[in-house]
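Undergrad: Data file upload26.cif (mmCIF, C-alpha atoms and all ligand atoms) is appended below.
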```cif
data_structure
loop_
_atom_site.label_atom_id
_atom_site.label_comp_id
_atom_site.auth_asym_id
_atom_site.auth_seq_id
_atom_site.Cartn_x
_atom_site.Cartn_y
_atom_site.Cartn_z
CA MET Q 941 0.00 0.00 0.00
CA THR Q 942 1.30 3.43 -0.84
CA PHE Q 943 0.63 6.13 1.69
CA HIS Q 944 0.66 9.57 0.16
CA LYS Q 945 1.93 12.12 2.61
CA LYS Q 946 0.21 15.44 3.10
CA HIS Q 947 2.77 18.16 2.55
CA TYR Q 948 3.25 21.31 4.59
CA LEU Q 949 5.28 24.04 2.96
CA MET Q 950 6.48 26.11 5.93
CA THR Q 951 9.33 28.03 4.30
CA PRO Q 952 9.56 31.81 4.00
CA GLY Q 953 9.02 31.55 0.25
CA PRO Q 954 7.81 30.06 -1.87
CA THR Q 955 4.72 29.73 0.28
CA PRO Q 956 1.44 27.83 -0.19
CA VAL Q 957 -0.76 29.22 -2.97
CA PRO Q 958 -4.53 29.15 -2.41
CA GLU Q 959 -6.44 26.70 -4.61
CA LYS Q 960 -8.41 29.47 -6.34
CA SER Q 961 -5.17 31.09 -7.48
CA LEU Q 962 -3.70 27.78 -8.66
CA LEU Q 963 -6.80 27.02 -10.70
CA ALA Q 964 -6.82 30.53 -12.16
CA GLN Q 965 -3.28 29.96 -13.31
CA ALA Q 966 -4.40 26.87 -15.24
CA ARG Q 967 -6.92 28.79 -17.34
CA ASN Q 968 -6.46 29.18 -21.09
CA MET Q 969 -3.86 31.67 -22.21
CA ILE Q 970 -5.14 35.14 -23.02
CA HIS Q 971 -3.47 37.96 -24.90
CA HIS Q 972 -1.83 40.69 -22.89
CA ARG Q 973 -3.06 43.48 -25.15
CA GLY Q 974 -6.69 42.29 -25.10
CA PRO Q 975 -9.67 43.49 -23.03
CA GLU Q 976 -9.87 40.42 -20.76
CA TYR Q 977 -6.30 40.88 -19.57
CA GLY Q 978 -6.89 44.63 -19.44
CA GLU Q 979 -9.57 44.14 -16.83
CA ILE Q 980 -7.42 41.77 -14.80
CA ILE Q 981 -4.30 43.92 -14.81
CA SER Q 982 -6.24 47.08 -13.94
CA ARG Q 983 -7.57 45.42 -10.83
CA VAL Q 984 -4.24 43.77 -9.93
CA LEU Q 985 -2.45 47.11 -10.05
CA GLU Q 986 -5.09 48.76 -7.86
CA ASP Q 987 -4.95 45.88 -5.37
CA LEU Q 988 -1.16 46.05 -5.29
CA LYS Q 989 -1.39 49.74 -4.40
CA TYR Q 990 -3.60 48.73 -1.50
CA VAL Q 991 -1.07 46.16 -0.29
CA PHE Q 992 1.76 48.69 -0.60
CA GLN Q 993 -0.48 51.36 0.99
CA THR Q 994 0.43 53.81 -1.73
CA LYS Q 995 -1.02 56.07 -4.36
CA ASN Q 996 2.20 55.82 -6.37
CA ASP Q 997 2.63 53.55 -9.36
CA VAL Q 998 3.53 49.93 -8.74
CA PHE Q 999 5.40 48.18 -11.54
CA ILE Q 1000 5.24 44.44 -12.09
CA LEU Q 1001 8.49 42.90 -13.31
CA THR Q 1002 8.95 39.40 -14.68
CA SER Q 1003 11.57 38.43 -12.12
CA SER Q 1004 11.98 37.19 -8.61
CA GLY Q 1005 12.53 39.68 -5.79
CA THR Q 1006 16.23 40.08 -6.55
CA GLY Q 1007 15.38 41.36 -10.04
CA GLY Q 1008 13.30 44.04 -8.36
CA MET Q 1009 16.25 44.93 -6.13
CA GLU Q 1010 18.63 45.13 -9.08
CA SER Q 1011 16.14 47.25 -11.02
CA ALA Q 1012 16.04 49.75 -8.15
CA VAL Q 1013 19.81 50.15 -8.12
CA ALA Q 1014 20.03 50.44 -11.92
CA ASN Q 1015 17.24 53.01 -12.16
CA LEU Q 1016 17.94 55.29 -9.22
CA PHE Q 1017 21.64 55.98 -9.15
CA CYS Q 1018 24.67 57.13 -11.10
CA ARG Q 1019 28.03 55.45 -11.35
CA GLY Q 1020 30.06 56.32 -8.27
CA ASP Q 1021 27.11 57.56 -6.21
CA LYS Q 1022 27.61 57.13 -2.50
CA VAL Q 1023 24.96 54.96 -0.81
CA VAL Q 1024 24.55 53.62 2.72
CA VAL Q 1025 23.48 50.01 3.24
CA ALA Q 1026 22.16 49.03 6.67
CA SER Q 1027 22.52 45.26 6.78
CA THR Q 1028 21.22 42.85 9.39
CA GLY Q 1029 21.62 39.67 7.38
CA ASN Q 1030 21.89 37.90 4.07
CA PHE Q 1031 19.40 40.12 2.24
CA GLY Q 1032 20.88 43.34 3.58
CA ASP Q 1033 24.19 42.06 2.25
CA ARG Q 1034 22.51 41.51 -1.11
CA TRP Q 1035 21.82 45.25 -1.40
CA ALA Q 1036 25.52 45.91 -0.91
CA ASN Q 1037 26.48 43.23 -3.46
CA ILE Q 1038 24.16 44.63 -6.11
CA ALA Q 1039 25.22 48.23 -5.45
CA ASN Q 1040 28.88 47.17 -5.71
CA ALA Q 1041 28.19 45.34 -8.96
CA PHE Q 1042 26.86 48.60 -10.41
CA GLY Q 1043 29.91 50.59 -9.32
CA LEU Q 1044 28.34 52.55 -6.49
CA ASN Q 1045 30.39 53.78 -3.56
CA VAL Q 1046 28.94 51.62 -0.80
CA ILE Q 1047 29.14 52.55 2.88
CA LYS Q 1048 28.00 49.38 4.59
CA ILE Q 1049 26.89 49.27 8.22
CA ASP Q 1050 26.74 45.74 9.57
CA PHE Q 1051 24.60 44.89 12.54
CA ASP Q 1052 24.83 41.54 14.29
CA TRP Q 1053 22.67 38.96 12.57
CA GLY Q 1054 19.58 38.39 14.69
CA THR Q 1055 19.47 42.02 15.86
CA LYS Q 1056 17.66 45.00 14.35
CA VAL Q 1057 19.17 47.98 12.60
CA ASN Q 1058 20.20 50.59 15.16
CA VAL Q 1059 18.53 53.72 13.80
CA GLU Q 1060 20.82 56.16 15.68
CA LYS Q 1061 23.86 54.52 14.15
CA VAL Q 1062 22.40 54.92 10.67
CA ALA Q 1063 21.48 58.57 11.39
CA GLU Q 1064 25.05 59.20 12.53
CA THR Q 1065 26.47 57.56 9.40
CA LEU Q 1066 24.24 59.67 7.16
CA GLU Q 1067 25.32 62.79 9.03
CA ASN Q 1068 28.94 61.88 8.40
CA HIS Q 1069 28.14 61.35 4.72
CA PRO Q 1070 25.98 64.31 3.66
CA ASP Q 1071 26.59 63.36 0.02
CA ALA Q 1072 25.00 59.90 0.40
CA LYS Q 1073 22.31 59.55 -2.24
CA GLY Q 1074 20.54 56.49 -0.91
CA LEU Q 1075 19.82 54.42 2.17
CA PHE Q 1076 19.16 50.74 1.49
CA CYS Q 1077 17.45 48.64 4.11
CA THR Q 1078 15.49 45.44 4.63
CA HIS Q 1079 12.01 45.33 6.11
CA SER Q 1080 11.72 41.65 7.06
CA GLU Q 1081 15.24 40.15 7.04
CA THR Q 1082 14.27 36.61 6.06
CA SER Q 1083 17.64 35.11 6.96
CA THR Q 1084 17.25 35.99 10.64
CA GLY Q 1085 13.55 36.64 11.29
CA VAL Q 1086 14.21 40.27 12.22
CA VAL Q 1087 11.78 42.99 11.13
CA ASN Q 1088 13.43 46.40 11.03
CA ASP Q 1089 11.91 49.72 12.06
CA ILE Q 1090 11.46 51.13 8.57
CA LYS Q 1091 9.30 54.01 9.76
CA SER Q 1092 12.11 55.39 11.96
CA LEU Q 1093 14.73 54.77 9.30
CA SER Q 1094 12.64 56.71 6.83
CA SER Q 1095 12.27 59.63 9.23
CA ILE Q 1096 16.03 60.27 9.08
CA VAL Q 1097 15.98 60.41 5.28
CA ARG Q 1098 12.73 62.33 4.76
CA GLU Q 1099 14.18 65.79 5.33
CA ARG Q 1100 17.19 65.20 3.08
CA GLU Q 1101 16.34 66.40 -0.38
CA ASN Q 1102 19.19 64.50 -1.99
CA THR Q 1103 18.77 61.12 -0.30
CA ILE Q 1104 16.15 58.44 -0.85
CA ILE Q 1105 15.26 55.35 1.13
CA VAL Q 1106 15.01 52.04 -0.75
CA VAL Q 1107 13.34 49.17 1.07
CA ASP Q 1108 13.45 45.43 0.43
CA ALA Q 1109 10.03 44.26 1.60
CA VAL Q 1110 10.17 40.95 -0.28
CA SER Q 1111 9.14 38.82 2.70
CA GLY Q 1112 7.51 41.54 4.79
CA LEU Q 1113 4.96 43.09 2.45
CA GLY Q 1114 1.52 41.73 3.20
CA ALA Q 1115 2.66 40.14 6.47
CA CYS Q 1116 4.04 42.90 8.72
CA GLU Q 1117 2.96 46.52 8.92
CA LEU Q 1118 4.37 48.64 6.11
CA ARG Q 1119 2.85 51.95 4.99
CA THR Q 1120 4.64 53.23 1.92
CA ASP Q 1121 3.06 56.69 1.68
CA ASP Q 1122 2.52 57.44 5.37
CA TRP Q 1123 6.12 56.49 6.09
CA SER Q 1124 7.47 58.40 3.03
CA LEU Q 1125 9.20 55.38 1.55
CA ASP Q 1126 10.72 56.20 -1.82
CA VAL Q 1127 11.14 52.79 -3.36
CA VAL Q 1128 9.75 49.53 -2.02
CA VAL Q 1129 10.54 46.17 -3.62
CA ALA Q 1130 8.52 42.98 -3.14
CA GLY Q 1131 7.91 39.62 -4.78
CA SER Q 1132 4.98 37.33 -5.51
CA GLN Q 1133 6.00 34.16 -3.71
CA LYS Q 1134 5.75 35.10 -0.04
CA ALA Q 1135 2.96 36.90 1.81
CA LEU Q 1136 1.23 37.74 -1.46
CA MET Q 1137 0.34 34.04 -1.77
CA ALA Q 1138 1.19 33.72 -5.47
CA PRO Q 1139 3.65 31.52 -7.35
CA PRO Q 1140 7.25 32.78 -7.75
CA GLY Q 1141 8.20 34.85 -10.76
CA LEU Q 1142 6.94 38.38 -10.20
CA GLY Q 1143 8.81 41.31 -8.73
CA PHE Q 1144 7.03 44.49 -7.66
CA VAL Q 1145 8.45 47.96 -7.31
CA CYS Q 1146 6.72 51.02 -6.00
CA VAL Q 1147 8.29 54.40 -6.81
CA SER Q 1148 7.67 57.79 -5.13
CA GLU Q 1149 7.66 61.25 -6.73
CA LYS Q 1150 10.94 62.06 -5.02
CA ALA Q 1151 12.50 58.93 -6.49
CA TRP Q 1152 11.54 60.05 -10.00
CA ASN Q 1153 14.03 62.93 -9.71
CA PHE Q 1154 16.71 60.32 -9.11
CA ILE Q 1155 15.52 58.23 -12.05
CA GLU Q 1156 15.83 61.27 -14.32
CA ARG Q 1157 19.52 61.71 -13.48
CA SER Q 1158 20.49 58.01 -13.35
CA ASP Q 1159 23.19 57.01 -15.85
CA LEU Q 1160 23.54 53.31 -15.06
CA PRO Q 1161 22.93 50.85 -17.90
CA LYS Q 1162 19.44 49.39 -18.11
CA PHE Q 1163 17.07 48.17 -20.75
CA TYR Q 1164 14.65 45.46 -19.56
CA TRP Q 1165 14.42 47.10 -16.13
CA ASP Q 1166 14.04 50.68 -17.37
CA TYR Q 1167 11.34 52.23 -15.15
CA LYS Q 1168 10.61 54.92 -17.75
CA LYS Q 1169 9.37 52.20 -20.09
CA TYR Q 1170 7.18 50.74 -17.34
CA LYS Q 1171 5.75 54.11 -16.44
CA LYS Q 1172 4.88 54.91 -20.04
CA SER Q 1173 3.18 51.53 -20.51
CA ILE Q 1174 1.22 51.73 -17.29
CA GLN Q 1175 -0.25 55.06 -18.31
CA SER Q 1176 -2.18 53.62 -21.25
CA ILE Q 1177 -5.79 52.53 -20.80
CA PRO Q 1178 -5.98 49.73 -19.86
CA PRO Q 1179 -2.47 49.62 -18.36
CA GLN Q 1180 0.16 47.79 -20.39
CA SER Q 1181 3.61 46.38 -19.79
CA PRO Q 1182 6.59 47.12 -22.02
CA PHE Q 1183 7.29 43.40 -22.59
CA THR Q 1184 5.20 40.21 -22.54
CA PRO Q 1185 4.14 39.82 -18.91
CA ALA Q 1186 3.99 36.52 -16.97
CA ILE Q 1187 0.27 36.36 -17.74
CA SER Q 1188 -0.67 33.17 -15.87
CA THR Q 1189 1.21 34.17 -12.75
CA ILE Q 1190 -0.45 37.58 -12.78
CA VAL Q 1191 -3.86 35.92 -13.16
CA ALA Q 1192 -3.08 33.75 -10.12
CA LEU Q 1193 -1.85 36.78 -8.19
CA GLY Q 1194 -5.14 38.51 -9.02
CA GLU Q 1195 -7.07 35.83 -7.12
CA SER Q 1196 -4.74 36.02 -4.13
CA LEU Q 1197 -5.03 39.81 -4.05
CA LYS Q 1198 -8.82 39.50 -3.96
CA MET Q 1199 -8.43 37.34 -0.86
CA ILE Q 1200 -6.14 39.97 0.68
CA GLN Q 1201 -8.74 42.65 -0.02
CA GLU Q 1202 -11.45 40.49 1.55
CA GLU Q 1203 -9.48 39.76 4.71
CA GLY Q 1204 -8.22 43.33 5.04
CA LEU Q 1205 -4.58 44.33 5.47
CA GLU Q 1206 -4.80 45.23 9.15
CA ASN Q 1207 -6.45 41.89 9.94
CA ILE Q 1208 -3.72 40.17 7.96
CA TRP Q 1209 -0.99 41.95 9.95
CA GLU Q 1210 -2.73 40.89 13.14
CA ARG Q 1211 -3.05 37.27 11.96
CA HIS Q 1212 0.69 37.24 11.25
CA ARG Q 1213 1.48 38.76 14.63
CA ILE Q 1214 -0.42 35.92 16.29
CA LEU Q 1215 1.15 33.25 14.07
CA GLY Q 1216 4.59 34.58 15.02
CA LYS Q 1217 3.79 34.75 18.71
CA ALA Q 1218 2.33 31.22 18.80
CA THR Q 1219 5.38 29.87 16.99
CA ARG Q 1220 7.77 31.57 19.43
CA GLU Q 1221 5.85 30.40 22.49
CA GLY Q 1222 5.81 26.85 21.10
CA ILE Q 1223 9.53 26.91 20.42
CA LYS Q 1224 10.39 28.22 23.89
CA ALA Q 1225 8.09 25.69 25.60
CA MET Q 1226 10.00 22.89 23.86
CA GLY Q 1227 13.15 24.18 25.53
CA LEU Q 1228 14.65 25.58 22.34
CA THR Q 1229 16.27 29.01 22.00
CA LEU Q 1230 15.00 31.64 19.60
CA PHE Q 1231 17.45 33.23 17.20
CA SER Q 1232 15.00 35.85 15.96
CA PRO Q 1233 13.91 38.49 18.47
CA ASP Q 1234 11.15 37.48 20.87
CA ASP Q 1235 8.94 40.40 19.95
CA ASP Q 1236 5.72 40.97 18.13
CA THR Q 1237 7.32 42.65 15.14
CA SER Q 1238 8.82 39.29 14.19
CA CYS Q 1239 5.81 38.02 12.30
CA ALA Q 1240 7.05 36.68 8.94
CA VAL Q 1241 9.72 34.16 9.94
CA THR Q 1242 10.78 32.52 13.20
CA ALA Q 1243 14.45 31.57 13.40
CA VAL Q 1244 15.56 29.05 16.02
CA TYR Q 1245 18.96 27.83 17.24
CA SER Q 1246 19.50 24.14 16.64
CA PRO Q 1247 20.02 22.31 19.97
CA ASP Q 1248 23.66 21.79 21.00
CA GLY Q 1249 25.45 19.17 18.95
CA ILE Q 1250 22.75 18.93 16.28
CA ASN Q 1251 23.23 20.31 12.80
CA SER Q 1252 20.05 22.16 11.83
CA ARG Q 1253 20.19 20.46 8.44
CA GLU Q 1254 19.31 17.20 10.20
CA ILE Q 1255 16.18 18.77 11.65
CA VAL Q 1256 15.18 20.13 8.26
CA ARG Q 1257 15.85 16.74 6.65
CA ILE Q 1258 13.89 14.64 9.14
CA LEU Q 1259 10.97 17.06 9.11
CA ARG Q 1260 10.84 16.82 5.33
CA GLU Q 1261 11.48 13.11 4.89
CA LYS Q 1262 9.48 11.70 7.77
CA HIS Q 1263 6.79 14.28 8.33
CA ALA Q 1264 6.50 16.00 4.95
CA VAL Q 1265 6.98 19.37 6.60
CA THR Q 1266 9.37 21.64 4.70
CA ILE Q 1267 11.08 24.36 6.70
CA ALA Q 1268 14.28 26.28 5.89
CA GLY Q 1269 17.77 25.96 7.30
CA GLY Q 1270 20.19 28.78 8.04
CA GLN Q 1271 21.76 30.85 5.29
CA ASP Q 1272 25.36 31.85 4.81
CA LYS Q 1273 27.19 31.93 8.17
CA LEU Q 1274 24.10 30.51 9.91
CA LYS Q 1275 24.13 27.28 7.86
CA GLY Q 1276 23.78 24.31 10.18
CA LEU Q 1277 23.25 26.55 13.20
CA ILE Q 1278 19.63 27.65 12.91
CA PHE Q 1279 16.41 26.59 11.26
CA ARG Q 1280 13.61 28.87 10.10
CA ILE Q 1281 9.86 28.41 10.10
CA GLY Q 1282 8.10 30.63 7.59
CA HIS Q 1283 4.63 31.95 8.35
CA CYS Q 1284 4.18 34.78 5.87
CA GLY Q 1285 1.22 34.24 3.61
CA PHE Q 1286 -1.55 31.68 3.41
CA PHE Q 1287 -1.12 30.20 6.91
CA THR Q 1288 -3.49 29.46 9.75
CA HIS Q 1289 -3.15 28.31 13.36
CA LEU Q 1290 -3.34 24.67 12.26
CA ASP Q 1291 -0.24 25.00 10.08
CA ILE Q 1292 1.71 26.17 13.11
CA ILE Q 1293 0.29 23.43 15.35
CA ALA Q 1294 1.14 20.74 12.78
CA THR Q 1295 4.66 22.08 12.33
CA LEU Q 1296 5.37 22.29 16.06
CA SER Q 1297 4.00 18.79 16.53
CA ALA Q 1298 6.24 17.42 13.76
CA LEU Q 1299 9.16 19.33 15.29
CA GLU Q 1300 8.56 17.70 18.68
CA HIS Q 1301 8.68 14.26 17.01
CA THR Q 1302 11.78 15.18 15.05
CA LEU Q 1303 13.67 16.41 18.11
CA LYS Q 1304 12.78 13.23 19.98
CA GLU Q 1305 14.07 11.16 17.08
CA LEU Q 1306 17.32 13.11 17.38
CA GLY Q 1307 17.51 12.28 21.08
CA VAL Q 1308 16.57 15.74 22.37
CA ASN Q 1309 14.67 15.73 25.65
CA VAL Q 1310 11.31 17.25 24.71
CA THR Q 1311 7.98 16.70 26.43
CA SER Q 1312 5.37 15.62 23.89
CA GLY Q 1313 2.78 18.33 23.38
CA SER Q 1314 4.79 21.04 25.14
CA GLY Q 1315 5.22 23.24 22.07
CA VAL Q 1316 1.78 22.52 20.71
CA THR Q 1317 0.10 23.39 24.04
CA ALA Q 1318 1.95 26.69 24.36
CA ALA Q 1319 1.02 27.68 20.80
CA GLN Q 1320 -2.56 26.61 21.35
CA LYS Q 1321 -2.75 28.93 24.35
CA VAL Q 1322 -1.76 31.90 22.22
CA PHE Q 1323 -4.44 31.05 19.66
CA GLU Q 1324 -7.05 30.67 22.41
CA GLU Q 1325 -6.28 34.15 23.71
N1 LIG Q 1401 14.90 39.89 0.02
C1 LIG Q 1401 14.31 39.16 0.97
C2 LIG Q 1401 14.05 39.79 2.30
C3 LIG Q 1401 13.96 37.84 0.71
O1 LIG Q 1401 13.37 37.11 1.65
C4 LIG Q 1401 14.24 37.29 -0.55
C5 LIG Q 1401 13.88 35.86 -0.87
N2 LIG Q 1401 14.14 34.95 0.12
C6 LIG Q 1401 14.85 38.10 -1.48
C7 LIG Q 1401 15.15 39.40 -1.18
C8 LIG Q 1401 15.22 37.58 -2.82
O2 LIG Q 1401 14.11 37.23 -3.53
P1 LIG Q 1401 14.14 36.18 -4.69
O3 LIG Q 1401 14.65 34.91 -4.16
O4 LIG Q 1401 12.69 36.17 -5.05
O5 LIG Q 1401 15.00 36.75 -5.74
#
```
Do you think you could lay out the structure here as structure tokens?
TA:
Amino acid sequence: MTFHKKHYLMTPGPTPVPEKSLLAQARNMIHHRGPEYGEIISRVLEDLKYVFQTKNDVFILTSSGTGGMESAVANLFCRGDKVVVASTGNFGDRWANIANAFGLNVIKIDFDWGTKVNVEKVAETLENHPDAKGLFCTHSETSTGVVNDIKSLSSIVRERENTIIVVDAVSGLGACELRTDDWSLDVVVAGSQKALMAPPGLGFVCVSEKAWNFIERSDLPKFYWDYKKYKKSIQSIPPQSPFTPAISTIVALGESLKMIQEEGLENIWERHRILGKATREGIKAMGLTLFSPDDDTSCAVTAVYSPDGINSREIVRILREKHAVTIAGGQDKLKGLIFRIGHCGFFTHLDIIATLSALEHTLKELGVNVTSGSGVTAAQKVFEE
């Protein structure tokens, strides 16, 4: 007899895609210059503005999140421009790597992985570099589970006419509070495969008025990513894209965005806060140590130290092979040391309970002293509250 396992995808991207969106993706191909697509894309762009909390244009790129990040660098700056990168992990480092690849003069501030950006330190750095044109930062740092205080970071850039803030919100948008316009964020980058509950393959970029002045002076090479092309296309009725878009993925995204509208962004932020809290309480009750901060901002990813003497890869492997639960290991210098449970997107309390239960079994199999039900009970308590 073959027993087909039920799979749980508990990584911080890609994340589970709702059935409606998957089915929408399987529909017959339509033409991207026709009226049917016109209706879909008009609504998708409006719904994206809602998710970004912006009145500015949002561009859809056929790329993963990193393509969106690269497009921001290529469109906003000039060769040799000085920029400050505030990094708290792997994805903060990515900003620095991309900026270096484009020949920018990068002032990188490194904060310990697992901690948040220290806003005063960034303010001081910007004061010491009045000619810095940009501040790059990460909203939800997926490699560590940290969510940075983007609102405060933006407040130190807002008054500077010649500096913009560029935010990677790839895993945070649609999970943790982010208000593009209220917080005066100049450029925000996101992707389809995390809290937006869509398949991978779309990058999103939202661009402020202030950022357009930077785009006008930018001299870095670009063609496919050229925001001027995207802006021109989006202004036609119905909105267009300069190149053939990833039609089926956009159709799927459209269904997921409808669900986001129906649930309401503030309710979604609150659901994620509770998912994060329940996960943390469960982890602590099992006797494990959190790597990500034990605070309510940490609502997209929970990072956990592997118990002494156990490589976190073993935990990830057993969870996947024996329990069909896929979580993520550590990245870069955290490889083998931590594991990460993703809960940004289409997740409910039962996903967390199932994952914690499978984790209890896995730890026992590895000889760790865990009381059965300890994590599950602690998480359950949070959901009951
Ligand atoms: N930034 C963050 C915060 C991310 O979580 C990711 C994806 N894990 C990326 C950037 C890169 O996105 P992608 O893999 O879609 O290129």
Undergrad: Produce a table with one row for each residue of stretch 1093-1129 of chain Q that has an atom at most 9 Å from any atom of stretch 989-992 of chain Q, each row naming the nearest atom pair and its distance in Å at one decimal; use only C-alpha atoms; arrange rows by chain and rising residue number; format as JSON lines.
TA:
```
{"residue": "Q:Leu1113", "atom": "CA", "partner": "Q:Phe992", "partner_atom": "CA", "distance": 7.1}
{"residue": "Q:Gly1114", "atom": "CA", "partner": "Q:Val991", "partner_atom": "CA", "distance": 6.2}
{"residue": "Q:Leu1118", "atom": "CA", "partner": "Q:Phe992", "partner_atom": "CA", "distance": 7.2}
{"residue": "Q:Arg1119", "atom": "CA", "partner": "Q:Phe992", "partner_atom": "CA", "distance": 6.6}
{"residue": "Q:Thr1120", "atom": "CA", "partner": "Q:Phe992", "partner_atom": "CA", "distance": 5.9}
{"residue": "Q:Asp1121", "atom": "CA", "partner": "Q:Phe992", "partner_atom": "CA", "distance": 8.4}
{"residue": "Q:Val1128", "atom": "CA", "partner": "Q:Phe992", "partner_atom": "CA", "distance": 8.2}
```
Undergrad: For Q:Glu1261, find every residue with an atom within 12 Å (counting only C-alpha atoms), except residues of its own chain fewer than 3 positions away, and show them as JSON, numbers by chain.
TA: {"Q": [945, 946, 947, 948, 1253, 1254, 1255, 1256, 1257, 1258, 1264, 1265, 1266, 1267, 1298, 1302]}
Undergrad: Residues at most 9 Å from ligand LIG 1401 (chain Q), using all atoms listed in the file? Could they come as an MDAnalysis selection string?
TA: chainID Q and resid 952:954 1003:1009 1030:1032 1034:1035 1078:1083 1108:1112 1129:1134 1140:1143
Undergrad: Counting only C-alpha atoms, I want the residues whose atoms come within 12 Å of (20.5, 15.4, 29.4) in the file frame, returned as a list in words.
TA: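 Neighbouring residues, ordered by chain and number, come to Pro1247, Asp1248, Gly1307, Val1308, Asn1309 and Val1310 of chain Q.
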Undergrad: Would you save the residues from that selection as a compact mmCIF listing (two decimals), keeping the file's coordinate frame, using C-alpha atoms?
TA:
```txt
# COMPACT_ATOMS: atom_id res chain seq x y z
CA PRO Q 1247 20.02 22.31 19.97
CA ASP Q 1248 23.66 21.79 21.00
CA GLY Q 1307 17.51 12.28 21.08
CA VAL Q 1308 16.57 15.74 22.37
CA ASN Q 1309 14.67 15.73 25.65
CA VAL Q 1310 11.31 17.25 24.71
```
Undergrad: If we count all atoms listed in the file, what is near Q:Lys1217 at a cut-off of 8 Å, once residues fewer than 2 positions away on the same chain are taken out, given as a list in words?
TA: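 Once the nearby chain positions are removed, what remains is Arg1213, Ile1214, Leu1215, Thr1219, Arg1220, Glu1221, Asp1235, Asp1236, Cys1239, Ala1319 and Val1322 of chain Q.
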Undergrad: Give the answer as one residue: which of Q:Ile1278, Q:Val1107, Q:Trp1053, Q:Ala1138 has the shortest atom-to-atom distance to Q:Leu962, using all atoms listed in the file?
TA: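 Closest residue, counting all atoms listed in the file: Q:Ala1138.
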Undergrad: (24.2, 62.6, -1.3) in this file's frame - what residues fall within 8 Å of it? Use all atoms listed in the file and give the answer as an MDAnalysis selection string.
TA: chainID Q and resid 1021:1023 1069:1074 1102:1103
Undergrad: Would you give me, as CSV, each residue of stretch 960-1073 of chain Q having an atom within 9 Å of an atom of stretch 1175-1192 of chain Q, along with its shortest atom pair and that distance in Å to one decimal, using all atoms listed in the file and sorting by chain and residue number?
TA:
```
residue,atom,partner,partner_atom,distance
Q:Lys960,CA,Q:Ala1192,CA,7.8
Q:Ser961,CA,Q:Ala1192,CA,4.3
Q:Leu962,CA,Q:Ala1192,CA,6.2
Q:Leu963,CA,Q:Ala1192,CA,7.7
Q:Ala964,CA,Q:Ala1192,CA,5.3
Q:Gln965,CA,Q:Ser1188,CA,4.9
Q:Ala966,CA,Q:Ser1188,CA,7.3
Q:Arg967,CA,Q:Ser1188,CA,7.8
Q:Asn968,CA,Q:Ser1188,CA,8.8
Q:Met969,CA,Q:Ser1188,CA,7.3
Q:Ile970,CA,Q:Ile1187,CA,7.7
Q:His971,CA,Q:Ile1187,CA,8.2
Q:His972,CA,Q:Ile1187,CA,7.0
Q:Arg973,CA,Q:Gln1180,CA,7.2
Q:Pro975,CA,Q:Pro1178,CA,7.9
Q:Tyr977,CA,Q:Ile1187,CA,8.2
Q:Gly978,CA,Q:Pro1178,CA,5.2
Q:Glu979,CA,Q:Pro1178,CA,7.3
Q:Ile980,CA,Q:Val1191,CA,7.0
Q:Ile981,CA,Q:Pro1179,CA,7.0
Q:Ser982,CA,Q:Pro1179,CA,6.3
Q:Val984,CA,Q:Ile1190,CA,7.8
Q:Leu985,CA,Q:Pro1179,CA,8.7
Q:Phe999,CA,Q:Ser1181,CA,8.6
Q:Ile1000,CA,Q:Ser1181,CA,8.1
Q:Leu1001,CA,Q:Pro1185,CA,7.7
Q:Thr1002,CA,Q:Ala1186,CA,6.2
```
Undergrad: Could you pull the residues within 6 Å of stretch 1281-1292 of chain Q, counting all atoms listed in the file, minus those fewer than 4 positions along the same chain, as a ChimeraX atom specification?
TA: /Q:950-952,1115,1134-1135,1137,1240-1242,1267
Undergrad: Keeping only C-alpha atoms, write those residues as a PDB file, in the frame of the given file.
TA:
```pdb
ATOM      1  CA  MET Q 950       6.480  26.110   5.930  1.00  0.00           C
ATOM      2  CA  THR Q 951       9.330  28.030   4.300  1.00  0.00           C
ATOM      3  CA  PRO Q 952       9.560  31.810   4.000  1.00  0.00           C
ATOM      4  CA  ALA Q1115       2.660  40.140   6.470  1.00  0.00           C
ATOM      5  CA  LYS Q1134       5.750  35.100  -0.040  1.00  0.00           C
ATOM      6  CA  ALA Q1135       2.960  36.900   1.810  1.00  0.00           C
ATOM      7  CA  MET Q1137       0.340  34.040  -1.770  1.00  0.00           C
ATOM      8  CA  ALA Q1240       7.050  36.680   8.940  1.00  0.00           C
ATOM      9  CA  VAL Q1241       9.720  34.160   9.940  1.00  0.00           C
ATOM     10  CA  THR Q1242      10.780  32.520  13.200  1.00  0.00           C
ATOM     11  CA  ILE Q1267      11.080  24.360   6.700  1.00  0.00           C
TER      12      ILE Q1267
END
```
Undergrad: So how far away is atom CA of Q:Trp1123 from atom CA of Q:Asn996, in Å?
TA: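 Computing it gives 13.1 Å between the two atoms.
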Undergrad: Could you work out how far atom CA of Q:Gln1320 lies from atom CA of Q:Gly1222, giving the answer in Å with one decimal?
TA: 8.4 Å
